[in-house]
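Asker: Supplied structure: start.cif, mmCIF, N, CA and C atoms.
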data_query
loop_
_atom_site.label_atom_id
_atom_site.label_comp_id
_atom_site.auth_asym_id
_atom_site.auth_seq_id
_atom_site.Cartn_x
_atom_site.Cartn_y
_atom_site.Cartn_z
N MET S 16 -14.99 1.40 6.94
CA MET S 16 -14.45 0.09 6.69
C MET S 16 -13.01 0.04 7.20
N LYS S 17 -12.65 -1.04 7.80
CA LYS S 17 -11.28 -1.21 8.26
C LYS S 17 -10.48 -1.96 7.21
N GLU S 18 -9.18 -1.78 7.27
CA GLU S 18 -8.31 -2.55 6.39
C GLU S 18 -8.43 -4.02 6.73
N THR S 19 -8.13 -4.87 5.79
CA THR S 19 -8.14 -6.31 6.02
C THR S 19 -6.74 -6.72 6.45
N ASP S 20 -6.65 -7.38 7.59
CA ASP S 20 -5.35 -7.82 8.11
C ASP S 20 -5.21 -9.33 7.97
N THR S 21 -4.03 -9.75 7.61
CA THR S 21 -3.69 -11.16 7.55
C THR S 21 -2.40 -11.34 8.33
N PHE S 22 -2.35 -12.35 9.16
CA PHE S 22 -1.15 -12.62 9.93
C PHE S 22 -0.48 -13.87 9.37
N ILE S 23 0.80 -13.78 9.08
CA ILE S 23 1.56 -14.87 8.48
C ILE S 23 2.78 -15.13 9.35
N LYS S 24 3.05 -16.39 9.62
CA LYS S 24 4.26 -16.72 10.36
C LYS S 24 5.40 -16.83 9.37
N ASN S 25 6.47 -16.06 9.58
CA ASN S 25 7.58 -16.09 8.63
C ASN S 25 8.53 -17.24 8.93
N LYS S 26 9.54 -17.41 8.10
CA LYS S 26 10.45 -18.55 8.17
C LYS S 26 11.25 -18.61 9.46
N ILE S 27 11.49 -17.45 10.09
CA ILE S 27 12.31 -17.47 11.30
C ILE S 27 11.45 -17.39 12.56
N GLY S 28 10.15 -17.62 12.41
CA GLY S 28 9.29 -17.70 13.59
C GLY S 28 8.61 -16.41 13.97
N GLY S 29 8.83 -15.34 13.24
CA GLY S 29 8.19 -14.07 13.56
C GLY S 29 6.83 -13.96 12.92
N ILE S 30 6.08 -12.98 13.34
CA ILE S 30 4.76 -12.75 12.77
C ILE S 30 4.87 -11.56 11.82
N ILE S 31 4.37 -11.75 10.62
CA ILE S 31 4.33 -10.68 9.63
C ILE S 31 2.87 -10.36 9.40
N THR S 32 2.52 -9.09 9.44
CA THR S 32 1.14 -8.74 9.12
C THR S 32 1.08 -8.24 7.69
N MET S 33 -0.07 -8.47 7.09
CA MET S 33 -0.33 -7.97 5.75
C MET S 33 -1.65 -7.21 5.82
N THR S 34 -1.65 -5.95 5.48
CA THR S 34 -2.83 -5.12 5.50
C THR S 34 -3.17 -4.74 4.08
N GLN S 35 -4.46 -4.83 3.72
CA GLN S 35 -4.87 -4.52 2.35
C GLN S 35 -6.02 -3.52 2.38
N SER S 36 -6.03 -2.63 1.41
CA SER S 36 -7.11 -1.65 1.27
C SER S 36 -7.33 -1.35 -0.19
N ARG S 37 -8.56 -0.97 -0.51
CA ARG S 37 -8.87 -0.54 -1.87
C ARG S 37 -9.78 0.69 -1.80
N TYR S 38 -9.48 1.67 -2.67
CA TYR S 38 -10.22 2.92 -2.69
C TYR S 38 -10.57 3.30 -4.12
N VAL S 39 -11.69 3.98 -4.28
CA VAL S 39 -12.05 4.60 -5.55
C VAL S 39 -11.82 6.09 -5.36
N VAL S 40 -11.11 6.71 -6.31
CA VAL S 40 -10.77 8.12 -6.21
C VAL S 40 -11.24 8.87 -7.46
N LYS S 41 -11.34 10.20 -7.34
CA LYS S 41 -11.82 11.01 -8.46
C LYS S 41 -10.69 11.73 -9.19
N SER S 42 -9.51 11.18 -9.17
CA SER S 42 -8.38 11.77 -9.90
C SER S 42 -7.87 10.73 -10.91
N SER S 43 -7.07 11.18 -11.83
CA SER S 43 -6.51 10.28 -12.84
C SER S 43 -5.47 9.36 -12.19
N VAL S 44 -5.06 8.35 -12.93
CA VAL S 44 -4.04 7.43 -12.44
C VAL S 44 -2.75 8.19 -12.12
N ALA S 45 -2.30 9.03 -13.06
CA ALA S 45 -1.04 9.76 -12.86
C ALA S 45 -1.14 10.73 -11.68
N GLU S 46 -2.27 11.45 -11.56
CA GLU S 46 -2.44 12.39 -10.44
C GLU S 46 -2.46 11.64 -9.11
N THR S 47 -3.12 10.50 -9.08
CA THR S 47 -3.19 9.70 -7.86
C THR S 47 -1.80 9.20 -7.46
N MET S 48 -1.04 8.76 -8.45
CA MET S 48 0.32 8.30 -8.15
C MET S 48 1.17 9.45 -7.60
N ASP S 49 1.00 10.64 -8.13
CA ASP S 49 1.74 11.80 -7.62
C ASP S 49 1.38 12.09 -6.16
N LEU S 50 0.09 12.02 -5.82
CA LEU S 50 -0.33 12.23 -4.42
C LEU S 50 0.31 11.19 -3.51
N ILE S 51 0.31 9.95 -3.96
CA ILE S 51 0.90 8.87 -3.16
C ILE S 51 2.39 9.09 -2.98
N LYS S 52 3.08 9.45 -4.06
CA LYS S 52 4.54 9.66 -3.97
C LYS S 52 4.87 10.79 -2.99
N LEU S 53 4.07 11.85 -2.97
CA LEU S 53 4.30 12.94 -2.00
C LEU S 53 4.16 12.44 -0.57
N SER S 54 3.21 11.54 -0.34
CA SER S 54 2.96 11.04 1.02
C SER S 54 4.03 10.05 1.48
N GLN S 55 4.81 9.52 0.56
CA GLN S 55 5.78 8.47 0.90
C GLN S 55 7.22 8.95 0.78
N SER S 56 7.46 10.22 0.97
CA SER S 56 8.81 10.77 0.79
C SER S 56 9.83 10.18 1.76
N GLU S 57 9.38 9.68 2.91
CA GLU S 57 10.33 9.11 3.88
C GLU S 57 10.64 7.64 3.61
N ASN S 58 9.93 7.05 2.67
CA ASN S 58 10.17 5.64 2.31
C ASN S 58 10.93 5.56 1.00
N ASP S 59 11.67 4.48 0.83
CA ASP S 59 12.46 4.29 -0.39
C ASP S 59 11.60 3.67 -1.47
N ILE S 60 11.54 4.33 -2.64
CA ILE S 60 10.80 3.76 -3.75
C ILE S 60 11.66 2.70 -4.41
N VAL S 61 11.10 1.51 -4.58
CA VAL S 61 11.82 0.39 -5.14
C VAL S 61 11.44 0.19 -6.60
N PHE S 62 10.18 0.48 -6.93
CA PHE S 62 9.69 0.27 -8.29
C PHE S 62 8.59 1.26 -8.59
N GLU S 63 8.60 1.80 -9.82
CA GLU S 63 7.55 2.71 -10.28
C GLU S 63 7.33 2.46 -11.76
N GLU S 64 6.05 2.36 -12.13
CA GLU S 64 5.74 2.13 -13.54
C GLU S 64 4.34 2.67 -13.83
N LEU S 65 4.19 3.31 -14.98
CA LEU S 65 2.89 3.77 -15.47
C LEU S 65 2.75 3.26 -16.89
N ARG S 66 1.73 2.43 -17.13
CA ARG S 66 1.56 1.81 -18.44
C ARG S 66 0.21 2.19 -19.04
N GLN S 67 0.19 2.27 -20.36
CA GLN S 67 -1.01 2.61 -21.12
C GLN S 67 -1.53 1.35 -21.81
N PHE S 68 -2.84 1.10 -21.70
CA PHE S 68 -3.49 -0.03 -22.37
C PHE S 68 -4.68 0.53 -23.14
N GLY S 69 -4.44 1.02 -24.35
CA GLY S 69 -5.51 1.68 -25.10
C GLY S 69 -5.93 2.93 -24.37
N GLU S 70 -7.19 3.01 -23.98
CA GLU S 70 -7.67 4.19 -23.25
C GLU S 70 -7.47 4.08 -21.74
N PHE S 71 -6.98 2.95 -21.28
CA PHE S 71 -6.82 2.71 -19.84
C PHE S 71 -5.36 2.80 -19.43
N GLN S 72 -5.16 3.07 -18.12
CA GLN S 72 -3.81 3.13 -17.56
C GLN S 72 -3.72 2.28 -16.31
N GLN S 73 -2.51 1.83 -16.04
CA GLN S 73 -2.22 1.14 -14.78
C GLN S 73 -0.88 1.62 -14.28
N GLY S 74 -0.85 1.99 -13.02
CA GLY S 74 0.40 2.40 -12.39
C GLY S 74 0.71 1.49 -11.22
N MET S 75 1.99 1.26 -11.00
CA MET S 75 2.42 0.45 -9.86
C MET S 75 3.53 1.18 -9.13
N LEU S 76 3.45 1.14 -7.82
CA LEU S 76 4.48 1.72 -6.95
C LEU S 76 4.81 0.69 -5.87
N THR S 77 6.08 0.57 -5.55
CA THR S 77 6.52 -0.31 -4.47
C THR S 77 7.50 0.47 -3.60
N TYR S 78 7.26 0.44 -2.29
CA TYR S 78 8.11 1.13 -1.33
C TYR S 78 8.61 0.15 -0.28
N GLU S 79 9.75 0.47 0.31
CA GLU S 79 10.22 -0.28 1.47
C GLU S 79 10.81 0.70 2.47
N ARG S 80 10.78 0.28 3.72
CA ARG S 80 11.37 1.10 4.77
C ARG S 80 11.89 0.19 5.87
N SER S 81 13.08 0.50 6.34
CA SER S 81 13.66 -0.22 7.46
C SER S 81 13.78 0.73 8.64
N TYR S 82 13.43 0.25 9.80
CA TYR S 82 13.53 1.01 11.03
C TYR S 82 14.68 0.41 11.84
N LEU S 83 15.82 1.08 11.84
CA LEU S 83 17.02 0.52 12.46
C LEU S 83 16.86 0.28 13.95
N ARG S 84 16.24 1.22 14.65
CA ARG S 84 16.16 1.12 16.09
C ARG S 84 15.33 -0.08 16.55
N SER S 85 14.25 -0.38 15.82
CA SER S 85 13.37 -1.47 16.23
C SER S 85 13.53 -2.72 15.37
N SER S 86 14.39 -2.69 14.38
CA SER S 86 14.60 -3.80 13.44
C SER S 86 13.34 -4.14 12.65
N ASN S 87 12.40 -3.21 12.54
CA ASN S 87 11.19 -3.44 11.75
C ASN S 87 11.46 -3.12 10.29
N GLN S 88 10.74 -3.80 9.43
CA GLN S 88 10.81 -3.53 8.00
C GLN S 88 9.39 -3.53 7.45
N THR S 89 9.12 -2.64 6.51
CA THR S 89 7.81 -2.63 5.87
C THR S 89 7.99 -2.56 4.37
N ALA S 90 6.99 -3.07 3.67
CA ALA S 90 6.94 -2.96 2.22
C ALA S 90 5.51 -2.57 1.86
N LEU S 91 5.37 -1.72 0.87
CA LEU S 91 4.07 -1.24 0.43
C LEU S 91 3.98 -1.42 -1.08
N PHE S 92 2.96 -2.14 -1.52
CA PHE S 92 2.71 -2.39 -2.94
C PHE S 92 1.41 -1.70 -3.31
N ILE S 93 1.44 -0.89 -4.35
CA ILE S 93 0.26 -0.12 -4.74
C ILE S 93 0.02 -0.29 -6.23
N VAL S 94 -1.23 -0.58 -6.58
CA VAL S 94 -1.65 -0.63 -7.98
C VAL S 94 -2.76 0.40 -8.14
N VAL S 95 -2.60 1.28 -9.12
CA VAL S 95 -3.60 2.29 -9.44
C VAL S 95 -4.01 2.05 -10.89
N HIS S 96 -5.32 1.90 -11.13
CA HIS S 96 -5.76 1.68 -12.51
C HIS S 96 -7.13 2.31 -12.74
N ASN S 97 -7.47 2.44 -14.02
CA ASN S 97 -8.79 2.95 -14.39
C ASN S 97 -9.47 2.01 -15.39
N PHE S 98 -9.32 0.71 -15.19
CA PHE S 98 -9.87 -0.28 -16.12
C PHE S 98 -11.40 -0.31 -16.13
N ASN S 99 -12.04 0.15 -15.08
CA ASN S 99 -13.51 0.17 -15.00
C ASN S 99 -14.07 1.58 -15.19
N HIS S 100 -13.30 2.44 -15.86
CA HIS S 100 -13.67 3.83 -16.10
C HIS S 100 -13.76 4.66 -14.81
N VAL S 101 -13.21 4.13 -13.74
CA VAL S 101 -13.00 4.87 -12.49
C VAL S 101 -11.60 4.51 -12.01
N THR S 102 -10.98 5.41 -11.27
CA THR S 102 -9.63 5.13 -10.78
C THR S 102 -9.73 4.40 -9.45
N GLU S 103 -9.10 3.23 -9.39
CA GLU S 103 -9.05 2.43 -8.17
C GLU S 103 -7.61 2.34 -7.68
N VAL S 104 -7.47 2.35 -6.37
CA VAL S 104 -6.16 2.21 -5.74
C VAL S 104 -6.22 0.99 -4.83
N THR S 105 -5.36 0.02 -5.06
CA THR S 105 -5.28 -1.15 -4.21
C THR S 105 -3.90 -1.16 -3.56
N MET S 106 -3.89 -1.29 -2.24
CA MET S 106 -2.63 -1.28 -1.49
C MET S 106 -2.50 -2.53 -0.65
N ILE S 107 -1.30 -3.06 -0.63
CA ILE S 107 -0.97 -4.17 0.26
C ILE S 107 0.31 -3.77 0.98
N ALA S 108 0.25 -3.73 2.30
CA ALA S 108 1.44 -3.42 3.10
C ALA S 108 1.76 -4.63 3.96
N THR S 109 3.02 -4.88 4.11
CA THR S 109 3.45 -5.99 4.96
C THR S 109 4.60 -5.49 5.82
N GLY S 110 4.71 -6.07 6.99
CA GLY S 110 5.79 -5.65 7.88
C GLY S 110 6.14 -6.74 8.86
N GLY S 111 7.33 -6.65 9.37
CA GLY S 111 7.79 -7.60 10.36
C GLY S 111 9.09 -7.11 10.97
N SER S 112 9.62 -7.89 11.87
CA SER S 112 10.88 -7.49 12.49
C SER S 112 11.80 -8.69 12.62
N ASN S 113 13.04 -8.40 12.90
CA ASN S 113 14.04 -9.45 13.11
C ASN S 113 14.60 -9.37 14.52
N GLY S 114 13.76 -9.00 15.46
CA GLY S 114 14.21 -8.86 16.83
C GLY S 114 14.62 -10.19 17.44
N SER S 115 15.49 -10.15 18.46
CA SER S 115 15.97 -11.38 19.06
C SER S 115 14.91 -12.02 19.97
N LEU S 116 14.05 -11.21 20.59
CA LEU S 116 13.02 -11.77 21.47
C LEU S 116 11.64 -11.83 20.79
N PHE S 117 11.25 -10.74 20.16
CA PHE S 117 9.92 -10.67 19.56
C PHE S 117 10.06 -10.35 18.08
N ASN S 118 9.39 -11.12 17.24
CA ASN S 118 9.43 -10.90 15.80
C ASN S 118 8.03 -10.54 15.31
N ILE S 119 7.58 -9.34 15.66
CA ILE S 119 6.25 -8.93 15.24
C ILE S 119 6.30 -7.55 14.61
N ASP S 120 5.22 -7.18 13.99
CA ASP S 120 5.15 -5.98 13.18
C ASP S 120 4.98 -4.69 13.99
N TRP S 121 4.30 -4.70 15.11
CA TRP S 121 4.02 -3.53 15.93
C TRP S 121 3.18 -2.49 15.18
N GLY S 122 2.41 -2.88 14.17
CA GLY S 122 1.49 -1.97 13.51
C GLY S 122 2.05 -1.12 12.39
N VAL S 123 3.27 -1.41 11.95
CA VAL S 123 3.89 -0.57 10.92
C VAL S 123 3.15 -0.70 9.58
N ALA S 124 2.66 -1.89 9.25
CA ALA S 124 1.96 -2.08 7.98
C ALA S 124 0.69 -1.23 7.93
N LYS S 125 -0.06 -1.20 9.03
CA LYS S 125 -1.27 -0.36 9.08
C LYS S 125 -0.90 1.11 8.99
N GLY S 126 0.19 1.49 9.64
CA GLY S 126 0.60 2.89 9.64
C GLY S 126 0.96 3.40 8.26
N ILE S 127 1.64 2.59 7.47
CA ILE S 127 2.06 3.02 6.14
C ILE S 127 0.84 3.19 5.22
N ILE S 128 -0.16 2.31 5.37
CA ILE S 128 -1.39 2.46 4.58
C ILE S 128 -2.17 3.67 5.05
N GLY S 129 -2.17 3.92 6.34
CA GLY S 129 -2.86 5.10 6.88
C GLY S 129 -2.33 6.40 6.31
N GLY S 130 -1.00 6.47 6.09
CA GLY S 130 -0.40 7.66 5.49
C GLY S 130 -0.86 7.88 4.07
N VAL S 131 -1.01 6.81 3.32
CA VAL S 131 -1.49 6.93 1.94
C VAL S 131 -2.96 7.32 1.93
N LYS S 132 -3.74 6.71 2.81
CA LYS S 132 -5.17 7.04 2.88
C LYS S 132 -5.37 8.52 3.20
N SER S 133 -4.57 9.05 4.10
CA SER S 133 -4.66 10.48 4.44
C SER S 133 -4.35 11.34 3.23
N ALA S 134 -3.35 10.94 2.44
CA ALA S 134 -2.99 11.71 1.25
C ALA S 134 -4.09 11.66 0.20
N LEU S 135 -4.87 10.59 0.18
CA LEU S 135 -5.93 10.44 -0.82
C LEU S 135 -7.25 11.09 -0.40
N LYS S 136 -7.37 11.55 0.83
CA LYS S 136 -8.63 12.12 1.32
C LYS S 136 -9.24 13.19 0.40
N PRO S 137 -8.45 14.11 -0.17
CA PRO S 137 -9.06 15.14 -1.02
C PRO S 137 -9.73 14.58 -2.29
N VAL S 138 -9.33 13.39 -2.71
CA VAL S 138 -9.89 12.82 -3.94
C VAL S 138 -10.66 11.52 -3.69
N LEU S 139 -10.80 11.13 -2.43
CA LEU S 139 -11.43 9.86 -2.07
C LEU S 139 -12.93 9.90 -2.34
N ILE S 140 -13.42 8.91 -3.07
CA ILE S 140 -14.86 8.75 -3.29
C ILE S 140 -15.41 7.71 -2.32
N GLU S 141 -14.79 6.52 -2.29
CA GLU S 141 -15.25 5.48 -1.38
C GLU S 141 -14.16 4.44 -1.14
N GLU S 142 -14.32 3.72 -0.03
CA GLU S 142 -13.49 2.57 0.25
C GLU S 142 -14.25 1.34 -0.23
N VAL S 143 -13.55 0.38 -0.77
CA VAL S 143 -14.15 -0.83 -1.32
C VAL S 143 -13.82 -1.99 -0.39
N LYS S 144 -14.83 -2.76 -0.03
CA LYS S 144 -14.60 -3.92 0.84
C LYS S 144 -13.88 -5.00 0.05
N LEU S 145 -12.80 -5.49 0.63
CA LEU S 145 -12.02 -6.56 0.00
C LEU S 145 -12.41 -7.90 0.59
N PRO S 146 -12.37 -8.96 -0.21
CA PRO S 146 -12.66 -10.29 0.34
C PRO S 146 -11.56 -10.70 1.32
N LYS S 147 -11.91 -11.45 2.32
CA LYS S 147 -10.91 -11.90 3.32
C LYS S 147 -10.22 -13.13 2.85
#
Can I see the file as structure tokens?

Answerer:
Amino acid sequence: MKETDTFIKNKIGGIITMTQSRYVVKSSVAETMDLIKLSQSENDIVFEELRQFGEFQQGMLTYERSYLRSSNQTALFIVVHNFNHVTEVTMIATGGSNGSLFNIDWGVAKGIIGGVKSALKPVLIEEVKLPK
């Protein structure tokens, strides 16, 4: 299954892509978040939270990264939960640039999700198709 891509025109005329993916994994919420954090060491963590809801947990991670040379920026939003008695990971990455001639993503949003997917391979059970 491929990630779902959405193209959005931003306020200054550039194109921002949004890539989304969902996975079912065989590790706990906390263990999954640790795997993700290891894979994102080059990105700045903006928000991290792990909450308990009775027997269930939900974790959220948000990352951002700026690429000075190309003026690209990416953001990665991740929700990890076990509300259905299985651990699910939902990721949304978005990216764009502020270039003077071209304001496009150049694939950075897909790349950041690809890094997380690689980190989850040892615990990956399946990819879940997301609605478009």

Asker: Pull the neighbourhood of (3.8, 2.8, -11.5) for me: all residues within 8 Å in file coordinates, counting all atoms listed in the file, as a list in words.

Answerer: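 I get Met48, Phe62, Glu63, Glu64, Leu65, Arg66, Gln73, Gly74, Met75, Leu76, Thr77, Ile93, Val94 and Val95 of chain S for the residues within 8 Å of that point.
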
Asker: Can you list, as a ChimeraX atom specification, every protein, DNA or RNA residue that comes within 6 Å of Thr109 in chain S when you count only N, CA and C atoms, leaving out same-chain residues fewer than 3 positions away?

Answerer: /S:32-34,88-91,124

Asker: If the PyMOL selection byres (((chain S and resi 105 and name CA) around 10) and name CA) were run on this exact file, what residues would it hold? Put them as a PyMOL selection string.

Answerer: chain S and resi 35-39+75+92-96+103-104+106-107+143+145

Asker: Separation of CA of Gly69 in chain S and CA of Lys41 in chain S, in Å?

Answerer: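 Rounded to one decimal, the two atoms are 20.1 Å apart.
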
Asker: What is the atom C of Ala45 in chain S to atom N of Lys147 in chain S distance in Å?

Answerer: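 Computing it gives 28.4 Å between the two atoms.
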
Asker: Residues picked by the PyMOL selection byres ((chain S and resi 60) around 6) here, as a ChimeraX atom specification?

Answerer: /S:58-59,61-62,77-79

Asker: Here is a test: counting only C-alpha atoms, which residue of S:Ala134, S:Ile140, S:Val44, S:Ile127 is nearest to Arg80 in chain S?

Answerer: S:Ile127

Asker: Can you work out which one of S:Glu142, S:Gly129, S:Pro137, S:Thr102 has the shortest atom-to-atom distance to Val40 in chain S, counting all atoms listed in the file?

Answerer: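 Of S:Glu142, S:Gly129, S:Pro137, S:Thr102, the one nearest Val40 in chain S, counting all atoms listed in the file, is S:Thr102.
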
Asker: Have a look at CA of Asp49 in chain S and CA of Val131 in chain S and let me know their distance in Å, one decimal.

Answerer: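 These atoms are spaced 11.2 Å apart.
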